[in-house]
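J.: Here you go, this is protein.txt (compact mmCIF, C-alpha atoms).
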# COMPACT_ATOMS: atom_id res chain seq x y z
CA MET S 3 18.15 70.85 89.02
CA SER S 4 21.14 73.04 88.55
CA MET S 5 22.24 73.97 84.98
CA LYS S 6 25.59 72.66 85.69
CA SER S 7 24.30 69.16 86.26
CA THR S 8 22.31 69.18 83.01
CA LYS S 9 25.23 70.16 80.94
CA SER S 10 27.39 67.50 82.42
CA LEU S 11 24.77 64.90 81.70
CA LYS S 12 24.58 65.89 78.11
CA ILE S 13 28.24 65.58 77.69
CA VAL S 14 28.23 62.11 79.14
CA LEU S 15 25.47 60.92 76.81
CA GLY S 16 27.25 62.25 73.78
CA THR S 17 30.37 60.35 74.78
CA ILE S 18 28.42 57.20 75.30
CA ILE S 19 26.72 57.58 71.93
CA ILE S 20 30.03 58.16 70.25
CA GLY S 21 31.41 55.17 72.08
CA ILE S 22 28.58 52.92 70.86
CA LEU S 23 28.94 54.12 67.31
CA GLY S 24 32.61 53.50 67.45
CA ILE S 25 32.11 49.98 68.76
CA THR S 26 29.54 49.25 66.08
CA ILE S 27 31.82 50.46 63.39
CA ALA S 28 34.64 48.34 64.72
CA TYR S 29 32.34 45.20 64.81
CA GLY S 30 31.27 45.79 61.17
CA ALA S 31 34.93 45.69 60.02
CA LEU S 32 35.46 42.18 61.52
CA SER S 33 34.25 40.24 58.44
CA SER S 34 35.71 39.21 55.17
CA THR S 35 34.12 38.95 51.83
CA LEU S 36 35.17 35.96 49.85
CA ASN S 37 34.53 35.93 46.16
CA VAL S 38 34.58 32.96 43.85
CA THR S 39 34.72 34.12 40.36
CA VAL S 40 34.51 31.96 37.25
CA SER S 41 36.26 33.84 34.59
CA LYS S 42 34.72 32.15 31.53
CA VAL S 43 32.70 29.03 30.70
CA THR S 44 32.72 28.11 27.07
CA GLN S 45 30.25 25.74 25.41
CA ASN S 46 31.69 24.62 22.14
CA ALA S 47 29.32 24.38 19.27
CA LEU S 48 28.67 20.61 19.00
CA THR S 49 26.02 18.77 17.09
CA TRP S 50 24.55 15.29 17.27
CA ASN S 51 23.62 13.92 13.89
CA VAL S 52 23.65 10.23 12.99
CA GLY S 53 21.60 9.03 10.06
CA PHE S 54 21.35 7.35 6.70
CA THR S 55 22.69 9.13 3.66
CA GLY S 56 21.15 9.28 0.24
CA SER S 57 17.55 9.20 -0.88
CA SER S 58 17.33 5.77 -2.48
CA ALA S 59 19.18 2.50 -2.89
CA THR S 60 19.09 0.24 -5.92
CA PRO S 61 19.52 -3.36 -4.82
CA THR S 62 21.84 -5.99 -6.16
CA SER S 63 19.87 -9.00 -7.31
CA THR S 64 21.52 -12.43 -7.30
CA GLY S 65 20.55 -16.02 -7.82
CA THR S 66 20.18 -18.23 -10.84
CA SER S 67 17.59 -16.99 -13.30
CA THR S 68 15.48 -13.91 -12.71
CA THR S 69 12.34 -16.04 -12.82
CA GLY S 70 10.25 -15.23 -9.77
CA ARG S 71 12.68 -12.65 -8.44
CA THR S 72 12.09 -8.91 -8.16
CA CYS S 73 14.01 -6.47 -6.00
CA GLY S 74 12.46 -3.03 -5.54
CA ASN S 75 14.39 0.19 -4.93
CA ALA S 76 14.62 1.32 -1.32
CA THR S 77 13.50 4.78 -0.26
CA ILE S 78 15.80 6.48 2.23
CA THR S 79 15.41 9.32 4.69
CA SER S 80 17.84 10.27 7.42
CA THR S 81 16.23 7.88 9.88
CA THR S 82 14.37 5.35 7.74
CA VAL S 83 14.92 2.92 4.92
CA THR S 84 11.80 1.49 3.33
CA ILE S 85 11.79 -1.52 1.01
CA PRO S 86 8.71 -1.42 -1.24
CA ASN S 87 6.01 -4.04 -1.51
CA THR S 88 7.34 -5.29 -4.85
CA THR S 89 9.98 -7.70 -3.55
CA THR S 90 9.56 -11.24 -4.85
CA LEU S 91 11.84 -14.13 -3.95
CA SER S 92 10.53 -17.45 -5.20
CA LYS S 93 13.30 -20.03 -5.42
CA PRO S 94 16.48 -21.09 -3.68
CA GLN S 95 19.41 -18.67 -4.03
CA ASP S 96 17.22 -15.65 -4.82
CA VAL S 97 18.67 -12.64 -3.01
CA CYS S 98 18.08 -8.87 -2.88
CA ARG S 99 20.95 -6.96 -1.29
CA TYR S 100 20.79 -3.28 -0.32
CA THR S 101 23.89 -1.20 0.34
CA LEU S 102 23.22 1.48 2.95
CA THR S 103 25.45 4.20 4.39
CA ILE S 104 25.18 5.53 7.92
CA LYS S 105 27.03 8.75 8.64
CA ASN S 106 27.89 10.57 11.82
CA SER S 107 27.69 14.18 10.67
CA GLY S 108 27.81 15.51 14.19
CA GLY S 109 30.70 16.48 16.39
CA ILE S 110 30.33 13.68 18.91
CA GLY S 111 31.34 10.06 18.53
CA ALA S 112 28.45 7.62 18.29
CA LYS S 113 28.06 3.96 19.07
CA LEU S 114 25.65 1.32 17.79
CA THR S 115 24.20 0.15 21.07
CA SER S 116 21.54 -2.27 19.92
CA ILE S 117 19.90 -3.98 16.96
CA THR S 118 16.29 -5.07 17.23
CA PHE S 119 14.38 -7.23 14.76
CA THR S 120 10.64 -6.82 14.48
CA PRO S 121 8.97 -9.82 12.81
CA PRO S 122 6.51 -9.48 9.94
CA THR S 123 3.02 -8.55 11.02
CA ASP S 124 1.43 -11.69 9.58
CA SER S 125 -0.35 -13.56 12.33
CA ASN S 126 0.84 -17.02 11.32
CA LYS S 127 4.49 -16.29 10.89
CA THR S 128 7.28 -18.06 12.72
CA CYS S 129 10.63 -16.31 12.93
CA THR S 130 13.82 -17.92 14.13
CA LYS S 131 17.05 -16.26 15.04
CA ASP S 132 19.87 -17.56 12.87
CA ASN S 133 22.67 -16.76 15.31
CA SER S 134 22.11 -17.08 19.03
CA SER S 135 24.40 -14.15 19.83
CA SER S 136 23.10 -11.68 17.29
CA GLU S 137 19.84 -9.94 16.47
CA ALA S 138 21.04 -9.19 12.95
CA SER S 139 19.68 -12.28 11.19
CA TYR S 140 16.31 -14.02 11.27
CA HIS S 141 14.40 -16.30 8.92
CA CYS S 142 10.64 -16.30 8.85
CA VAL S 143 8.16 -18.80 7.42
CA ILE S 144 4.41 -18.48 7.04
CA GLY S 145 2.16 -21.18 8.35
CA SER S 146 3.41 -24.71 7.77
CA ASN S 147 5.68 -23.82 4.88
CA SER S 148 9.23 -25.01 5.11
CA ASN S 149 10.36 -22.19 2.81
CA GLY S 150 10.44 -18.55 3.79
CA ILE S 151 12.53 -15.39 3.84
CA THR S 152 15.81 -14.59 5.58
CA TYR S 153 16.31 -11.03 6.82
CA LYS S 154 19.91 -10.19 7.55
CA ILE S 155 21.99 -7.09 8.15
CA THR S 156 25.76 -7.34 7.78
CA SER S 157 28.90 -5.26 7.70
CA ASP S 158 30.26 -6.95 4.56
CA ALA S 159 28.95 -7.18 1.03
CA ASP S 160 29.20 -10.97 0.98
CA GLY S 161 26.83 -11.27 3.87
CA ASN S 162 29.16 -13.27 6.08
CA THR S 163 29.65 -10.88 9.01
CA LEU S 164 26.55 -9.97 10.95
CA LEU S 165 26.48 -6.31 11.92
CA PRO S 166 28.12 -6.08 15.37
CA ILE S 167 26.96 -3.78 18.14
CA ASN S 168 29.15 -1.61 20.38
CA THR S 169 31.06 -0.34 17.42
CA THR S 170 32.02 3.33 17.37
CA LEU S 171 31.20 5.70 14.57
CA ASN S 172 33.51 8.66 15.01
CA ALA S 173 32.42 12.19 14.33
CA GLY S 174 32.52 12.77 10.61
CA ALA S 175 32.84 9.09 9.77
CA SER S 176 30.58 6.84 7.71
CA THR S 177 29.95 3.14 7.77
CA THR S 178 28.37 0.83 5.20
CA VAL S 179 25.82 -1.77 6.19
CA TYR S 180 24.12 -4.33 3.97
CA LEU S 181 20.54 -5.50 4.16
CA PHE S 182 19.99 -8.98 2.70
CA LEU S 183 16.56 -10.35 1.81
CA SER S 184 16.94 -13.93 0.62
CA TYR S 185 14.89 -17.02 -0.11
CA TYR S 186 15.05 -19.44 2.79
CA GLY S 187 14.68 -23.16 2.04
CA ASN S 188 15.66 -25.78 -0.50
CA GLY S 189 12.32 -26.40 -2.17
CA LEU S 190 9.62 -24.44 -3.93
CA ASN S 191 6.28 -23.16 -2.78
CA SER S 192 3.31 -24.85 -4.38
CA ALA S 193 1.24 -21.78 -3.65
CA GLU S 194 2.03 -18.08 -3.39
CA THR S 195 2.75 -16.70 0.07
CA SER S 196 3.82 -13.31 1.36
CA GLN S 197 5.01 -11.69 4.55
CA SER S 198 5.00 -7.99 5.40
CA GLY S 199 6.40 -5.44 7.77
CA ALA S 200 9.60 -6.97 9.07
CA LYS S 201 11.96 -4.35 10.44
CA PHE S 202 15.43 -3.81 11.83
CA THR S 203 15.90 -1.01 14.35
CA LEU S 204 19.41 0.31 14.94
CA ASN S 205 19.96 2.40 18.03
CA TYR S 206 22.91 4.77 18.14
CA GLY S 207 24.03 6.44 21.35
CA GLN S 208 26.89 8.62 22.36
CA ALA S 209 30.22 6.81 22.32
CA MET U 4 21.33 39.05 68.28
CA LYS U 5 23.82 40.61 66.02
CA LYS U 6 22.40 42.28 63.01
CA ARG U 7 23.99 41.41 59.74
CA THR U 8 25.50 44.27 57.91
CA LYS U 9 24.67 45.14 54.36
CA SER U 10 27.95 43.65 53.21
CA GLN U 11 27.23 40.39 55.01
CA LYS U 12 23.82 40.22 53.43
CA LYS U 13 25.37 40.97 50.07
CA ASN U 14 27.96 38.24 50.51
CA GLN U 15 25.29 35.73 51.38
CA LYS U 16 23.27 36.75 48.39
CA GLN U 17 26.29 36.34 46.19
CA LEU U 18 26.97 32.86 47.58
CA LEU U 19 23.39 31.78 46.95
CA THR U 20 23.52 33.18 43.47
CA ILE U 21 26.71 31.26 42.65
CA VAL U 22 25.34 28.02 44.06
CA GLY U 23 22.11 28.48 42.15
CA ALA U 24 24.00 29.04 38.91
CA VAL U 25 26.12 25.94 39.45
CA VAL U 26 23.04 23.84 40.14
CA LEU U 27 21.38 25.14 37.01
CA LEU U 28 24.49 24.39 35.03
CA ILE U 29 24.60 20.80 36.28
CA VAL U 30 20.91 20.24 35.51
CA GLY U 31 21.38 21.70 32.05
CA ILE U 32 24.27 19.39 31.26
CA SER U 33 22.26 16.35 32.43
CA VAL U 34 19.29 17.18 30.20
CA VAL U 35 21.45 17.61 27.10
CA TYR U 36 23.36 14.30 27.72
CA ALA U 37 20.18 12.18 27.84
CA ALA U 38 19.01 13.46 24.41
CA LEU U 39 22.09 12.23 22.43
CA SER U 40 20.70 9.12 20.71
CA THR U 41 19.20 8.28 17.35
CA THR U 42 17.00 5.41 16.21
CA LEU U 43 17.31 4.24 12.63
CA ASN U 44 14.61 2.00 11.16
CA ILE U 45 14.86 -0.31 8.16
CA THR U 46 11.39 -1.52 7.22
CA VAL U 47 10.61 -4.19 4.65
CA GLY U 48 7.27 -3.95 2.88
CA SER U 49 5.75 -7.10 1.49
CA VAL U 50 7.94 -9.98 0.30
CA THR U 51 6.19 -12.45 -1.97
CA GLN U 52 7.13 -16.02 -2.75
CA SER U 53 5.49 -16.99 -6.02
CA GLN U 54 4.26 -20.46 -6.78
CA MET U 55 7.02 -22.33 -8.60
CA SER U 56 7.62 -25.86 -9.88
CA TRP U 57 10.62 -27.90 -10.88
CA ASN U 58 10.17 -30.66 -13.43
CA VAL U 59 12.95 -31.85 -15.72
CA ALA U 60 12.45 -35.35 -17.06
CA PHE U 61 12.64 -37.74 -19.96
CA GLN U 62 9.66 -37.88 -22.25
CA THR U 63 8.23 -41.22 -21.28
CA GLY U 64 7.35 -44.21 -23.44
CA THR U 65 9.02 -47.03 -25.30
CA VAL U 66 11.72 -46.20 -27.78
CA ASN U 67 12.87 -48.56 -30.44
CA ALA U 68 16.40 -48.21 -31.69
CA THR U 69 17.61 -47.41 -35.13
CA ALA U 70 20.08 -50.12 -36.00
CA GLY U 71 23.24 -49.33 -37.94
CA GLY U 72 26.03 -51.26 -39.54
CA THR U 73 26.39 -53.71 -42.36
CA SER U 74 24.33 -56.82 -41.95
CA ALA U 75 22.05 -57.67 -39.11
CA THR U 76 24.17 -60.72 -38.30
CA GLY U 77 25.02 -60.70 -34.64
CA ARG U 78 23.13 -57.50 -34.12
CA SER U 79 19.92 -56.90 -32.19
CA CYS U 80 18.79 -53.74 -30.51
CA GLY U 81 16.67 -54.07 -27.41
CA ALA U 82 13.83 -51.64 -26.83
CA ALA U 83 14.29 -48.78 -24.40
CA THR U 84 11.73 -48.28 -21.69
CA VAL U 85 11.62 -44.63 -20.68
CA THR U 86 10.23 -43.26 -17.45
CA ALA U 87 10.55 -39.70 -16.15
CA ASP U 88 13.99 -40.22 -14.71
CA THR U 89 15.34 -43.49 -16.21
CA VAL U 90 16.02 -45.06 -19.58
CA SER U 91 16.39 -48.84 -19.45
CA VAL U 92 17.65 -50.54 -22.59
CA ALA U 93 16.81 -54.21 -22.88
CA SER U 94 19.40 -56.79 -23.89
CA THR U 95 21.34 -55.70 -26.96
CA THR U 96 23.78 -57.57 -29.14
CA LEU U 97 26.58 -55.93 -31.12
CA SER U 98 29.11 -58.35 -32.54
CA LYS U 99 31.07 -56.83 -35.40
CA PRO U 100 32.58 -53.49 -36.35
CA ASP U 101 30.09 -50.69 -37.08
CA ASP U 102 27.13 -52.48 -35.50
CA SER U 103 25.17 -49.81 -33.64
CA CYS U 104 21.89 -49.13 -31.90
CA THR U 105 20.72 -45.52 -31.64
CA TYR U 106 17.89 -44.45 -29.37
CA ALA U 107 16.17 -41.07 -29.81
CA LEU U 108 15.24 -39.60 -26.44
CA ASN U 109 13.78 -36.26 -25.34
CA ILE U 110 14.49 -34.39 -22.15
CA LYS U 111 11.79 -31.88 -21.28
CA ASN U 112 11.52 -29.02 -18.78
CA THR U 113 7.88 -28.55 -17.85
CA GLY U 114 8.61 -26.63 -14.69
CA SER U 115 8.60 -22.88 -14.15
CA ILE U 116 12.35 -22.50 -13.70
CA ASP U 117 15.04 -22.71 -16.35
CA ALA U 118 17.37 -25.65 -15.99
CA THR U 119 20.91 -26.32 -17.02
CA LEU U 120 22.75 -29.59 -17.54
CA ALA U 121 25.30 -29.49 -14.77
CA THR U 122 27.06 -32.85 -15.04
CA ILE U 123 27.33 -35.90 -17.28
CA THR U 124 28.79 -38.89 -15.51
CA PRO U 125 29.54 -42.15 -17.36
CA VAL U 126 28.75 -45.32 -15.46
CA ALA U 127 30.97 -48.23 -16.45
CA PRO U 128 29.49 -51.69 -16.87
CA GLY U 129 30.24 -53.96 -13.97
CA SER U 130 33.75 -55.46 -13.96
CA THR U 131 34.68 -53.64 -17.14
CA SER U 132 37.46 -51.19 -17.66
CA CYS U 133 36.41 -48.13 -19.65
CA THR U 134 37.90 -44.92 -20.93
CA ASN U 135 35.74 -41.84 -20.45
CA SER U 136 35.66 -38.55 -22.29
CA GLY U 137 32.66 -36.42 -21.38
CA ALA U 138 29.58 -38.06 -22.81
CA SER U 139 31.58 -40.87 -24.44
CA MET U 140 32.65 -44.09 -22.74
CA VAL U 141 34.74 -46.74 -24.48
CA CYS U 142 34.60 -50.15 -22.87
CA GLY U 143 36.63 -52.62 -24.90
CA ASN U 144 34.98 -53.05 -28.33
CA ILE U 145 31.80 -51.19 -27.31
CA THR U 146 31.41 -47.41 -27.19
CA TYR U 147 28.55 -45.74 -25.40
CA LYS U 148 27.75 -42.11 -26.35
CA LEU U 149 25.19 -39.41 -25.73
CA THR U 150 24.92 -37.03 -28.64
CA THR U 151 22.72 -34.23 -29.81
CA ASP U 152 22.53 -35.50 -33.39
CA SER U 153 21.22 -38.76 -34.76
CA ALA U 154 24.45 -39.40 -36.61
CA GLY U 155 26.22 -39.63 -33.30
CA SER U 156 28.85 -37.06 -34.18
CA THR U 157 28.20 -34.26 -31.69
CA LEU U 158 28.63 -35.20 -28.07
CA LEU U 159 26.20 -33.84 -25.47
CA THR U 160 27.89 -31.20 -23.29
CA THR U 161 27.10 -29.51 -20.02
CA GLY U 162 26.03 -25.90 -19.52
CA GLY U 163 23.22 -25.72 -21.97
CA THR U 164 19.92 -24.19 -20.92
CA LEU U 165 16.72 -26.15 -20.94
CA ALA U 166 14.10 -23.44 -20.92
CA LYS U 167 11.25 -23.47 -18.45
CA THR U 168 7.70 -24.43 -19.32
CA ASN U 169 8.29 -26.50 -22.45
CA GLY U 170 12.00 -26.59 -23.27
CA THR U 171 12.93 -29.84 -25.03
CA LEU U 172 16.34 -31.30 -25.72
CA PRO U 173 16.66 -34.22 -28.16
CA VAL U 174 19.37 -36.58 -26.96
CA TYR U 175 20.61 -39.72 -28.72
CA LEU U 176 21.99 -42.75 -26.94
CA VAL U 177 24.39 -44.47 -29.33
CA ILE U 178 25.77 -47.92 -28.56
CA LYS U 179 28.30 -49.00 -31.15
CA TYR U 180 30.82 -51.73 -31.81
CA THR U 181 33.95 -49.66 -32.34
CA GLY U 182 36.49 -52.44 -32.16
CA SER U 183 38.35 -53.21 -35.35
CA THR U 184 37.80 -56.98 -35.24
CA PRO U 185 35.11 -59.28 -33.91
CA SER U 186 35.62 -60.88 -30.56
CA SER U 187 36.78 -64.51 -30.57
CA THR U 188 34.67 -65.21 -27.50
CA ALA U 189 31.35 -63.93 -26.27
CA VAL U 190 31.70 -60.90 -24.07
CA GLU U 191 28.98 -59.34 -22.00
CA GLN U 192 28.83 -55.93 -20.43
CA SER U 193 26.04 -55.12 -18.03
CA SER U 194 24.57 -51.95 -16.57
CA GLY U 195 26.71 -49.42 -18.35
CA GLY U 196 25.25 -46.00 -18.98
CA PHE U 197 25.24 -42.35 -17.97
CA THR U 198 23.92 -40.11 -15.18
CA LEU U 199 22.75 -36.61 -16.09
CA VAL U 200 22.22 -33.90 -13.45
CA TYR U 201 20.13 -30.85 -14.21
CA ASN U 202 20.19 -27.88 -11.88
CA GLN U 203 18.25 -24.69 -11.49
CA LYS U 204 19.55 -21.96 -13.77
How does this structure look as structure tokens?

T.:
Amino acid sequence: MSMKSTKSLKIVLGTIIIGILGITIAYGALSSTLNVTVSKVTQNALTWNVGFTGSSATPTSTGTSTTGRTCGNATITSTTVTIPNTTTLSKPQDVCRYTLTIKNSGGIGAKLTSITFTPPTDSNKTCTKDNSSSEASYHCVIGSNSNGITYKITSDADGNTLLPINTTLNAGASTTVYLFLSYYGNGLNSAETSQSGAKFTLNYGQA
Amino acid sequence: MKKRTKSQKKNQKQLLTIVGAVVLLIVGISVVYAALSTTLNITVGSVTQSQMSWNVAFQTGTVNATAGGTSATGRSCGAATVTADTVSVASTTLSKPDDSCTYALNIKNTGSIDATLATITPVAPGSTSCTNSGASMVCGNITYKLTTDSAGSTLLTTGGTLAKTNGTLPVYLVIKYTGSTPSSTAVEQSSGGFTLVYNQK
């Protein structure tokens, strides 16, 4: 091969290489970068806190004489109210009424979504709902007795308005509810009876 | 096949990163939303209904009257038969001013609940017009009264407490001729009296 031919070949290759590089570079420039940028996402400091206030509740006792009637003080935590085992209601018109406060200390509105009554644990009890459209009032008798106990939770101190559901408790607001334990029946018991463990459960959700 | 450049790969990586962050953000919001609820429980311990009894009644037996007035002429006091809830006075004759028959009765509370006298209701004799004032009923020449004293001066009133267990209230039924003159004809009055209602206190 002559030298002249080799040199020419080299020149051609270099041109081709340059050409390819140039084409490649040009292809790489045919694209766009799109950026989606979220400047700032803020999460406000919010709290959820619905519960009872206070540590105890002294009941209001009503009826005729105090004979056969005892109303024990309730113990309160943020999520529970406990009525002691000392409650005695023995004759018509005997009532123990507890005033309770529920507060929404959080930053989000709350709503009472449901009320559930759990009957006493006694095996021979019979509980009857007092209002077909509300779970807030039941009376329970033991065995064949015609007299028993009414359990009721209301929004008024007179006990006339059963606690309604789907009511909103705004952030920072409080509401008062009343628990009534009362003698059910017009007569007297010829023998002592008792019933234990009845419970109301109030469920609050986000409004 | 065209090779992706570094910038293309970087862009894709950025896109995936953004999508991943958005997905995480959505999942995070969902988890926090489901936790916003509170259950409040109100539990009642034991509620006792004590044995109780209700028993307010007359002390039973036969009660003879104490007669009052001047002479016994035209005056006779029938005996009172007393059961737990009724007093029945037999035929009585009062014919002149100041003639009276007074019956000493007892009302007892042997139950376990205090009682209170809620109402006193006079019952007029049949076909007789009477004027009532609490525990006093005046029917023509005859006055019927319930009093708390044997002299017949203090009328029985409502509101008093008859204590449980053994509370006793002495009550006097006084039937008296209070007209100023005798009647020119015989007059009879039948089935006059009083109704007392005791309630739980």

J.: Within 9 Å of range 102-108 of chain S, counting all atoms listed in the file, which residues show up once you throw out same-chain ones fewer than 6 positions away? Write them as an NGL selection string, please.

T.: :S and (48-56 or 59 or 78 or 80 or 83 or 171-181)

J.: Just the selected residues (C-alpha atoms), exported as an mmCIF file, in the frame of the given file, please.

T.:
data_model
loop_
_atom_site.group_PDB
_atom_site.id
_atom_site.type_symbol
_atom_site.label_atom_id
_atom_site.label_comp_id
_atom_site.auth_asym_id
_atom_site.auth_seq_id
_atom_site.Cartn_x
_atom_site.Cartn_y
_atom_site.Cartn_z
ATOM 1 C CA LEU S 48 28.670 20.610 19.000
ATOM 2 C CA THR S 49 26.020 18.770 17.090
ATOM 3 C CA TRP S 50 24.550 15.290 17.270
ATOM 4 C CA ASN S 51 23.620 13.920 13.890
ATOM 5 C CA VAL S 52 23.650 10.230 12.990
ATOM 6 C CA GLY S 53 21.600 9.030 10.060
ATOM 7 C CA PHE S 54 21.350 7.350 6.700
ATOM 8 C CA THR S 55 22.690 9.130 3.660
ATOM 9 C CA GLY S 56 21.150 9.280 0.240
ATOM 10 C CA ALA S 59 19.180 2.500 -2.890
ATOM 11 C CA ILE S 78 15.800 6.480 2.230
ATOM 12 C CA SER S 80 17.840 10.270 7.420
ATOM 13 C CA VAL S 83 14.920 2.920 4.920
ATOM 14 C CA LEU S 171 31.200 5.700 14.570
ATOM 15 C CA ASN S 172 33.510 8.660 15.010
ATOM 16 C CA ALA S 173 32.420 12.190 14.330
ATOM 17 C CA GLY S 174 32.520 12.770 10.610
ATOM 18 C CA ALA S 175 32.840 9.090 9.770
ATOM 19 C CA SER S 176 30.580 6.840 7.710
ATOM 20 C CA THR S 177 29.950 3.140 7.770
ATOM 21 C CA THR S 178 28.370 0.830 5.200
ATOM 22 C CA VAL S 179 25.820 -1.770 6.190
ATOM 23 C CA TYR S 180 24.120 -4.330 3.970
ATOM 24 C CA LEU S 181 20.540 -5.500 4.160
#

J.: Which residue, U:Cys104, U:Thr164, U:Phe61, U:Ala82, has the smallest gap to chain S when you use all atoms listed in the file?

T.: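 Of the candidates, the smallest distance to chain S is held by U:Thr164.
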
J.: Please return, as number ranges by chain, all residues of chain U lying within 8 Å of chain S when all atoms listed in the file are considered.

T.: U: 8, 10-11, 14, 39-57, 115-117, 203-204

J.: Just checking: using all atoms listed in the file, which residue out of S:Gln45, S:Thr101, S:Thr170, S:Asp160 ends up closest to Thr60 in chain S?

T.: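 Looking at the shortest contact to Thr60 in chain S, the residue is S:Thr101.
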
J.: Do a neighbour search on Asn135 in chain U at 10 Å with only C-alpha atoms, toss out local chain neighbours closer than 5 positions, and write the hits as a list in words.

T.: Thr124, Pro125, Val126, Ala127, Met140, Val141, Cys142, Thr146, Tyr147 and Lys148 of chain U

J.: Which residues, written as a VMD selection string, have at least one atom at most 7 Å from Ala70 in chain U, with only C-alpha atoms counted and residues fewer than 5 positions away on the same chain left out?

T.: chain U and resid 80 103 to 105

J.: Would you compute the distance between CA of Leu120 in chain U and CA of Thr134 in chain U? Give it in Å to one decimal.

T.: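 Spanning CA of Leu120 in chain U to CA of Thr134 in chain U is a straight-line distance of 21.8 Å.
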
J.: Just to confirm, what's the straight-line distance from CA of Ser139 in chain U to CA of Val92 in chain U in Å (one decimal)?

T.: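 Computing the Euclidean distance for CA of Ser139 in chain U and CA of Val92 in chain U yields 17.1 Å.
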